[in-house]
Amino acid sequence: MSDMNTNKTITGFSKLSKRRKIKWIVENFFKDPENVMKELVSYWHNDDKQQEILDGFSENTISNFYMPFGVAPNFIIDGEAMVIPMVIEESSVVAAASSAAKFWMGRGGFKTEIIGTEKIGQVFFKWSGDIVELEKQFDEIKKVLRRDTAAITKNMEARGGGILKIDLINLTDKEDNLYQIRSTFETCDSMGANFINSVLEQFAVTLKEYTADWEHDQAEIVMSILSNYTPNCIVRARVECPIADLGNFGASKLSANEFAEKFATAIKIAEIDPYRATTHNKGIFNGIDAIVLATGNDFRAIEACGHAYASRSGQYSSLSHCSITDGIFKFWLDIPLAVGTVGGLTKLHPIAKRSLELLGSPSAQKLMSIIAVTGLAQNFAAVKSLVTTGIQQGHMKMHLQNILATLDANTDEKTNALTYFADKVVSFNAVRDFISKSRK
Ligand code: MEV
């Protein structure tokens with residue numbers, strides 16, 4: 001029998017109260033409805049007002065999904081000491097960021113530069129008339145587009161932003177009659193999605209009206225939306241020091257020179273091999289997503305843009321780079337980051353608000369710098385492990401701790417297990433056997 005004939009579909013779900021929503025879910029999808037109901041309710045916030053705020057971020061909410069909120073201290077960014085807030089479910093990530101921060105703390109810290117802050121929006125439309133006519137009129141059309149959006153752009157202009165440029169792009173060689181209005185924006189401390197989309201939708205209305213009584217054809221709007229690809233909203237984060245200052249890499253017995261060479265080769269591999277580049281950049285996003293999420297920004301937009309940027313040459317490649325010249329080791333990351341410190345969740349989510357406060361209530365540009373540094377630190381820590389001890393050493397310790405927590409190990413059992421597994425392969429079964437033996 002298909003699910004259509006069972007209780008697994010429903011109309012009017014969104015109109016049910018939260019309790020009734022849960023009731024329907026647990027009764028139809030779980031073997032142990034009563035306990036699941038209790039469990040879901042136990043994760044509700046005990047302050048109704050706070051819960052209302054959280055529910056307001058989405059739809060059909062039935063509970064809260066907890067994620068760890070960690071911090072990585074000892075980041076020196078452009079001379080300022082900072083603690084980075086990170087929301088991440090993967091063990092070792094916060095520890096790795098913290099260790100990279102500490103490593104570079106004694107070597108000049110991280111430096112950043114904002115290379116651009118431009119955002120992009122697009123209105124796609126069909127026009128079957130003469131391109132020459134459209135181009136001839138476009139200067140006039142631009143004036144009308146600006147005039148008709150003046151009410152929307154007024155506040156942004158007062159803050160130093162607004163529409164920077166409006167261009168007509170002919171796409172008819174790719175698709176019949178297709179054109180694009182591409183506009184660039186400065187959105188100051190906001191990510192700008194609402195602002196840009198409002199301006200674009202007004203552009204669409206204006207363009208349609210402007211061409212309404214043209215002899216040939218009216219412009220037919222296909223869609224208006226911001227682009228999450230912002231290759232001119234870029235920040236560079238970097239570290240550098242004389243090779244000799246890199247120190248020695250104990251367990252791996254690498255000298256500073258050998259480490260620098262091996263590290264640079266690892267970065268080169270990520271530049272030339274897309275399979276490695278994907279994992280390499282994933283490591284960068286371990287850091288970036290964690291702080292983007294902690295500060296209430298849109299990590300899907302940041303990821304989509306970062307990967308598009310990593311492919312800009314036509315081949316997916318590393319976002320970070322390394323050079324060794326005249327005895328100086330340099331490691332840097334260029335990354336597009338369209339983020340905000342006002343608007344969206346930034347001031348609504350109670351912990352996102354605290355994250356920004358922890359960072360000293362930064363401007364959007366400063367937040368770009370801090371996020372890029374977190375990505376670079378994460379990447380440094382991952383590649384450093386890979387070319388020295390391998391990552392399993394650190395991961396396995398965390399993995400062991402997670403298994404011990406799952407087995408409800410007490411402090412003595414944990415200490416004994418950590419000593420016992422220091423030179424052994426960690427697996428769930430092996431740890432469970434060890435703990436059951438010690439409990440007998
Ligand atoms: C794991 O989450 C991230 C790494 O695989 C990144 C890398 O390989 O560079 C360790």
# chains A, B, ... in the order shown; residues from 1 in each chain; ligands from 1
>>> residues_around(residues="region 399-415 of chain A", least_positions_apart="5", cutoff="12 Å", atoms="only C-alpha atoms", output="MDAnalysis selection string")
chainID A and resid 89:92 391:394 420:422 424:439
>>> residues_around(residues="region 234-249 of chain A", least_positions_apart="2", cutoff="8 Å", atoms="only C-alpha atoms", output="JSON, numbers by chain")
{"A": [104, 107, 108, 109, 110, 111, 112, 113, 114, 115, 116, 117, 230, 231, 232, 251, 252, 253, 254, 255, 256, 257, 259, 260, 327, 328, 329, 330, 331, 332, 333, 334, 335, 336, 337, 368, 369, 372, 373, 376, 388]}
>>> atom_distance(atom1="CA of Glu118 (chain A)", atom2="CA of Ile267 (chain A)")
28.3 Å
>>> residues_around(residues="region 143-151 of chain A", least_positions_apart="6", cutoff="10 Å", atoms="only C-alpha atoms", output="PyMOL selection string")
chain A and resi 157+162-163+166+198-207+210
>>> closest_atom_pairs(of="chain A", to="ligand 1", cutoff="12 Å", atoms="only C-alpha atoms and all ligand atoms", output="tab-separated table")
residue	atom	partner	partner_atom_place_in_ligand_line	distance
A:Ile88	CA	ligand 1	2 (O)	10.7
A:Glu89	CA	ligand 1	2 (O)	10.5
A:Glu90	CA	ligand 1	2 (O)	7.2
A:Ser91	CA	ligand 1	2 (O)	8.7
A:Ser92	CA	ligand 1	2 (O)	8.4
A:Val93	CA	ligand 1	2 (O)	7.4
A:Val94	CA	ligand 1	2 (O)	11.1
A:Ala96	CA	ligand 1	10 (C)	9.7
A:Ala97	CA	ligand 1	3 (C)	11.7
A:Phe263	CA	ligand 1	9 (O)	11.2
A:Ala266	CA	ligand 1	9 (O)	9.1
A:Ile267	CA	ligand 1	9 (O)	9.4
A:Ile269	CA	ligand 1	9 (O)	11.0
A:Ala270	CA	ligand 1	9 (O)	8.9
A:Tyr275	CA	ligand 1	8 (O)	10.6
A:Arg276	CA	ligand 1	8 (O)	7.6
A:Ala277	CA	ligand 1	9 (O)	8.4
A:Thr278	CA	ligand 1	8 (O)	8.6
A:Thr279	CA	ligand 1	8 (O)	5.0
A:His280	CA	ligand 1	9 (O)	3.8
A:Asn281	CA	ligand 1	9 (O)	6.9
A:Lys282	CA	ligand 1	6 (C)	5.9
A:Gly283	CA	ligand 1	6 (C)	3.7
A:Ile284	CA	ligand 1	6 (C)	7.2
A:Phe285	CA	ligand 1	3 (C)	8.7
A:Asn286	CA	ligand 1	2 (O)	6.4
A:Gly287	CA	ligand 1	2 (O)	9.6
A:Asp289	CA	ligand 1	2 (O)	11.8
A:Ala290	CA	ligand 1	2 (O)	11.9
A:Ser318	CA	ligand 1	9 (O)	10.2
A:Leu319	CA	ligand 1	9 (O)	11.4
A:Ser320	CA	ligand 1	9 (O)	10.8
A:Gly375	CA	ligand 1	6 (C)	10.9
A:Leu376	CA	ligand 1	9 (O)	10.9
A:Ala377	CA	ligand 1	9 (O)	11.3
A:Gln378	CA	ligand 1	6 (C)	8.3
A:Asn379	CA	ligand 1	9 (O)	6.1
A:Phe380	CA	ligand 1	9 (O)	8.3
A:Ala381	CA	ligand 1	9 (O)	8.4
A:Ala382	CA	ligand 1	10 (C)	4.9
A:Val383	CA	ligand 1	9 (O)	5.3
A:Lys384	CA	ligand 1	9 (O)	8.9
A:Ser385	CA	ligand 1	10 (C)	8.0
A:Leu386	CA	ligand 1	8 (O)	7.1
A:Val387	CA	ligand 1	9 (O)	10.1
A:Thr389	CA	ligand 1	10 (C)	12.0
A:Gly390	CA	ligand 1	10 (C)	8.9
A:Ile391	CA	ligand 1	10 (C)	6.4
A:Gln392	CA	ligand 1	10 (C)	9.1
A:Gln393	CA	ligand 1	10 (C)	11.5
A:Gly394	CA	ligand 1	10 (C)	10.4
A:His395	CA	ligand 1	1 (C)	9.2
>>> residues_around(residues="Ser363 (chain A)", least_positions_apart="6", cutoff="9 Å", atoms="only C-alpha atoms", output="list of chain:residue names")
A:Cys188, A:Asp189, A:Gly340, A:Thr341, A:Val342
>>> write_last_selection(atoms="C-alpha atoms", output="mmCIF file, in the first residue's frame")
data_model
loop_
_atom_site.group_PDB
_atom_site.id
_atom_site.type_symbol
_atom_site.label_atom_id
_atom_site.label_comp_id
_atom_site.auth_asym_id
_atom_site.auth_seq_id
_atom_site.Cartn_x
_atom_site.Cartn_y
_atom_site.Cartn_z
ATOM 1 C CA CYS A 188 27.540 48.517 4.337
ATOM 2 C CA ASP A 189 27.075 46.452 7.510
ATOM 3 C CA GLY A 340 26.377 41.240 7.761
ATOM 4 C CA THR A 341 26.509 42.429 11.335
ATOM 5 C CA VAL A 342 23.084 44.067 11.214
#
>>> residues_around(residues="Tyr43 (chain A)", least_positions_apart="6", cutoff="10 Å", atoms="only C-alpha atoms", output="number ranges by chain")
A: 62-66
>>> write_last_selection(atoms="all heavy atoms", output="mmCIF file, in the first residue's frame")
data_model
loop_
_atom_site.group_PDB
_atom_site.id
_atom_site.type_symbol
_atom_site.label_atom_id
_atom_site.label_comp_id
_atom_site.auth_asym_id
_atom_site.auth_seq_id
_atom_site.Cartn_x
_atom_site.Cartn_y
_atom_site.Cartn_z
ATOM 1 N N ILE A 62 8.972 22.015 15.747
ATOM 2 C CA ILE A 62 8.419 21.151 16.792
ATOM 3 C C ILE A 62 9.357 21.097 18.002
ATOM 4 O O ILE A 62 8.962 20.701 19.088
ATOM 5 C CB ILE A 62 8.098 19.730 16.274
ATOM 6 C CG1 ILE A 62 9.322 19.092 15.614
ATOM 7 C CG2 ILE A 62 6.929 19.764 15.292
ATOM 8 C CD1 ILE A 62 9.095 17.631 15.237
ATOM 9 N N SER A 63 10.625 21.454 17.794
ATOM 10 C CA SER A 63 11.566 21.468 18.906
ATOM 11 C C SER A 63 12.800 22.273 18.487
ATOM 12 O O SER A 63 12.770 22.954 17.451
ATOM 13 C CB SER A 63 11.954 20.032 19.268
ATOM 14 O OG SER A 63 12.678 20.022 20.479
ATOM 15 N N ASN A 64 13.868 22.180 19.265
ATOM 16 C CA ASN A 64 15.124 22.841 18.894
ATOM 17 C C ASN A 64 16.183 21.767 18.672
ATOM 18 O O ASN A 64 16.220 20.780 19.398
ATOM 19 C CB ASN A 64 15.585 23.784 20.002
ATOM 20 C CG ASN A 64 14.536 24.826 20.300
ATOM 21 O OD1 ASN A 64 14.107 25.548 19.413
ATOM 22 N ND2 ASN A 64 14.092 24.892 21.550
ATOM 23 N N PHE A 65 17.037 21.999 17.690
ATOM 24 C CA PHE A 65 18.111 21.058 17.379
ATOM 25 C C PHE A 65 19.388 21.641 17.959
ATOM 26 O O PHE A 65 19.880 22.652 17.479
ATOM 27 C CB PHE A 65 18.218 20.901 15.859
ATOM 28 C CG PHE A 65 19.225 19.890 15.413
ATOM 29 C CD1 PHE A 65 18.826 18.605 15.093
ATOM 30 C CD2 PHE A 65 20.573 20.209 15.308
ATOM 31 C CE1 PHE A 65 19.755 17.660 14.676
ATOM 32 C CE2 PHE A 65 21.499 19.267 14.902
ATOM 33 C CZ PHE A 65 21.087 17.991 14.586
ATOM 34 N N TYR A 66 19.917 21.041 19.013
ATOM 35 C CA TYR A 66 21.082 21.621 19.691
ATOM 36 C C TYR A 66 22.372 21.335 18.935
ATOM 37 O O TYR A 66 22.566 20.244 18.422
ATOM 38 C CB TYR A 66 21.210 21.046 21.101
ATOM 39 C CG TYR A 66 20.239 21.627 22.109
ATOM 40 C CD1 TYR A 66 18.969 22.036 21.737
ATOM 41 C CD2 TYR A 66 20.616 21.767 23.443
ATOM 42 C CE1 TYR A 66 18.084 22.557 22.666
ATOM 43 C CE2 TYR A 66 19.728 22.282 24.379
ATOM 44 C CZ TYR A 66 18.470 22.673 23.986
ATOM 45 O OH TYR A 66 17.601 23.181 24.902
#
>>> residues_around(residues="Lys49 (chain A)", least_positions_apart="6", cutoff="12 Å", atoms="only C-alpha atoms", output="list in words")
Asp55, Gly56 and Pro350 of chain A
>>> closest_residue(among="A:Gly306, A:Ser14, A:Ala294, A:Thr187", to="Ser58 (chain A)", atoms="only C-alpha atoms")
A:Ser14
>>> closest_residue(among="A:Asn35, A:Ser99, A:Asn170, A:Asn297", to="Lys23 (chain A)", atoms="only C-alpha atoms")
A:Asn35
>>> atom_distance(atom1="CA of Ile225 (chain A)", atom2="CA of Gly344 (chain A)")
17.1 Å
>>> decode(residues="region 285-317 of chain A", atoms="N, CA and C atoms", output="mmCIF file, in the first residue's frame")
data_model
loop_
_atom_site.group_PDB
_atom_site.id
_atom_site.type_symbol
_atom_site.label_atom_id
_atom_site.label_comp_id
_atom_site.auth_asym_id
_atom_site.auth_seq_id
_atom_site.Cartn_x
_atom_site.Cartn_y
_atom_site.Cartn_z
ATOM 1 N N PHE A 285 36.297 25.492 5.249
ATOM 2 C CA PHE A 285 34.903 25.778 5.618
ATOM 3 C C PHE A 285 34.528 25.191 6.977
ATOM 4 N N ASN A 286 35.300 24.231 7.484
ATOM 5 C CA ASN A 286 35.062 23.782 8.869
ATOM 6 C C ASN A 286 35.121 24.998 9.784
ATOM 7 N N GLY A 287 36.106 25.857 9.555
ATOM 8 C CA GLY A 287 36.258 27.053 10.386
ATOM 9 C C GLY A 287 35.260 28.122 9.993
ATOM 10 N N ILE A 288 35.162 28.359 8.683
ATOM 11 C CA ILE A 288 34.322 29.460 8.199
ATOM 12 C C ILE A 288 32.851 29.231 8.552
ATOM 13 N N ASP A 289 32.321 28.045 8.251
ATOM 14 C CA ASP A 289 30.907 27.783 8.549
ATOM 15 C C ASP A 289 30.626 27.931 10.043
ATOM 16 N N ALA A 290 31.581 27.478 10.866
ATOM 17 C CA ALA A 290 31.354 27.490 12.315
ATOM 18 C C ALA A 290 31.176 28.915 12.834
ATOM 19 N N ILE A 291 31.980 29.845 12.352
ATOM 20 C CA ILE A 291 31.821 31.232 12.845
ATOM 21 C C ILE A 291 30.676 31.938 12.110
ATOM 22 N N VAL A 292 30.465 31.572 10.853
ATOM 23 C CA VAL A 292 29.348 32.171 10.114
ATOM 24 C C VAL A 292 28.030 31.804 10.797
ATOM 25 N N LEU A 293 27.923 30.553 11.184
ATOM 26 C CA LEU A 293 26.718 30.083 11.881
ATOM 27 C C LEU A 293 26.599 30.755 13.263
ATOM 28 N N ALA A 294 27.715 30.837 13.971
ATOM 29 C CA ALA A 294 27.693 31.431 15.314
ATOM 30 C C ALA A 294 27.282 32.896 15.278
ATOM 31 N N THR A 295 27.574 33.579 14.164
ATOM 32 C CA THR A 295 27.234 35.001 14.095
ATOM 33 C C THR A 295 25.921 35.242 13.348
ATOM 34 N N GLY A 296 25.162 34.170 13.123
ATOM 35 C CA GLY A 296 23.827 34.329 12.523
ATOM 36 C C GLY A 296 23.860 34.691 11.059
ATOM 37 N N ASN A 297 24.940 34.335 10.354
ATOM 38 C CA ASN A 297 24.997 34.621 8.914
ATOM 39 C C ASN A 297 24.618 33.377 8.110
ATOM 40 N N ASP A 298 24.488 33.582 6.795
ATOM 41 C CA ASP A 298 23.950 32.548 5.909
ATOM 42 C C ASP A 298 25.089 31.674 5.372
ATOM 43 N N PHE A 299 25.285 30.504 6.030
ATOM 44 C CA PHE A 299 26.434 29.674 5.634
ATOM 45 C C PHE A 299 26.234 29.023 4.269
ATOM 46 N N ARG A 300 24.973 28.850 3.829
ATOM 47 C CA ARG A 300 24.759 28.256 2.500
ATOM 48 C C ARG A 300 25.241 29.225 1.422
ATOM 49 N N ALA A 301 24.962 30.506 1.621
ATOM 50 C CA ALA A 301 25.406 31.513 0.653
ATOM 51 C C ALA A 301 26.932 31.581 0.623
ATOM 52 N N ILE A 302 27.535 31.526 1.803
ATOM 53 C CA ILE A 302 28.998 31.627 1.901
ATOM 54 C C ILE A 302 29.661 30.425 1.223
ATOM 55 N N GLU A 303 29.106 29.237 1.460
ATOM 56 C CA GLU A 303 29.663 28.012 0.849
ATOM 57 C C GLU A 303 29.518 28.078 -0.677
ATOM 58 N N ALA A 304 28.288 28.387 -1.137
ATOM 59 C CA ALA A 304 28.037 28.390 -2.587
ATOM 60 C C ALA A 304 29.020 29.342 -3.268
ATOM 61 N N CYS A 305 29.176 30.516 -2.676
ATOM 62 C CA CYS A 305 30.049 31.529 -3.269
ATOM 63 C C CYS A 305 31.511 31.076 -3.229
ATOM 64 N N GLY A 306 31.923 30.528 -2.097
ATOM 65 C CA GLY A 306 33.327 30.105 -1.948
ATOM 66 C C GLY A 306 33.692 29.055 -2.982
ATOM 67 N N HIS A 307 32.784 28.099 -3.207
ATOM 68 C CA HIS A 307 33.107 27.034 -4.163
ATOM 69 C C HIS A 307 33.069 27.557 -5.604
ATOM 70 N N ALA A 308 32.140 28.487 -5.877
ATOM 71 C CA ALA A 308 32.120 29.083 -7.227
ATOM 72 C C ALA A 308 33.435 29.833 -7.463
ATOM 73 N N TYR A 309 33.879 30.548 -6.437
ATOM 74 C CA TYR A 309 35.132 31.314 -6.552
ATOM 75 C C TYR A 309 36.326 30.366 -6.738
ATOM 76 N N ALA A 310 36.276 29.239 -6.044
ATOM 77 C CA ALA A 310 37.368 28.268 -6.152
ATOM 78 C C ALA A 310 37.420 27.655 -7.554
ATOM 79 N N SER A 311 36.353 27.833 -8.331
ATOM 80 C CA SER A 311 36.301 27.266 -9.690
ATOM 81 C C SER A 311 36.488 28.333 -10.758
ATOM 82 N N ARG A 312 36.860 29.552 -10.363
ATOM 83 C CA ARG A 312 36.799 30.658 -11.317
ATOM 84 C C ARG A 312 37.744 30.491 -12.505
ATOM 85 N N SER A 313 38.796 29.680 -12.366
ATOM 86 C CA SER A 313 39.710 29.497 -13.505
ATOM 87 C C SER A 313 39.151 28.471 -14.485
ATOM 88 N N GLY A 314 38.058 27.806 -14.109
ATOM 89 C CA GLY A 314 37.537 26.724 -14.951
ATOM 90 C C GLY A 314 37.832 25.377 -14.315
ATOM 91 N N GLN A 315 38.734 25.368 -13.344
ATOM 92 C CA GLN A 315 39.002 24.117 -12.614
ATOM 93 C C GLN A 315 38.929 24.393 -11.117
ATOM 94 N N TYR A 316 38.209 23.565 -10.393
ATOM 95 C CA TYR A 316 38.089 23.734 -8.939
ATOM 96 C C TYR A 316 39.488 23.636 -8.315
ATOM 97 N N SER A 317 39.796 24.599 -7.441
ATOM 98 C CA SER A 317 41.168 24.672 -6.920
ATOM 99 C C SER A 317 41.170 25.153 -5.470
#
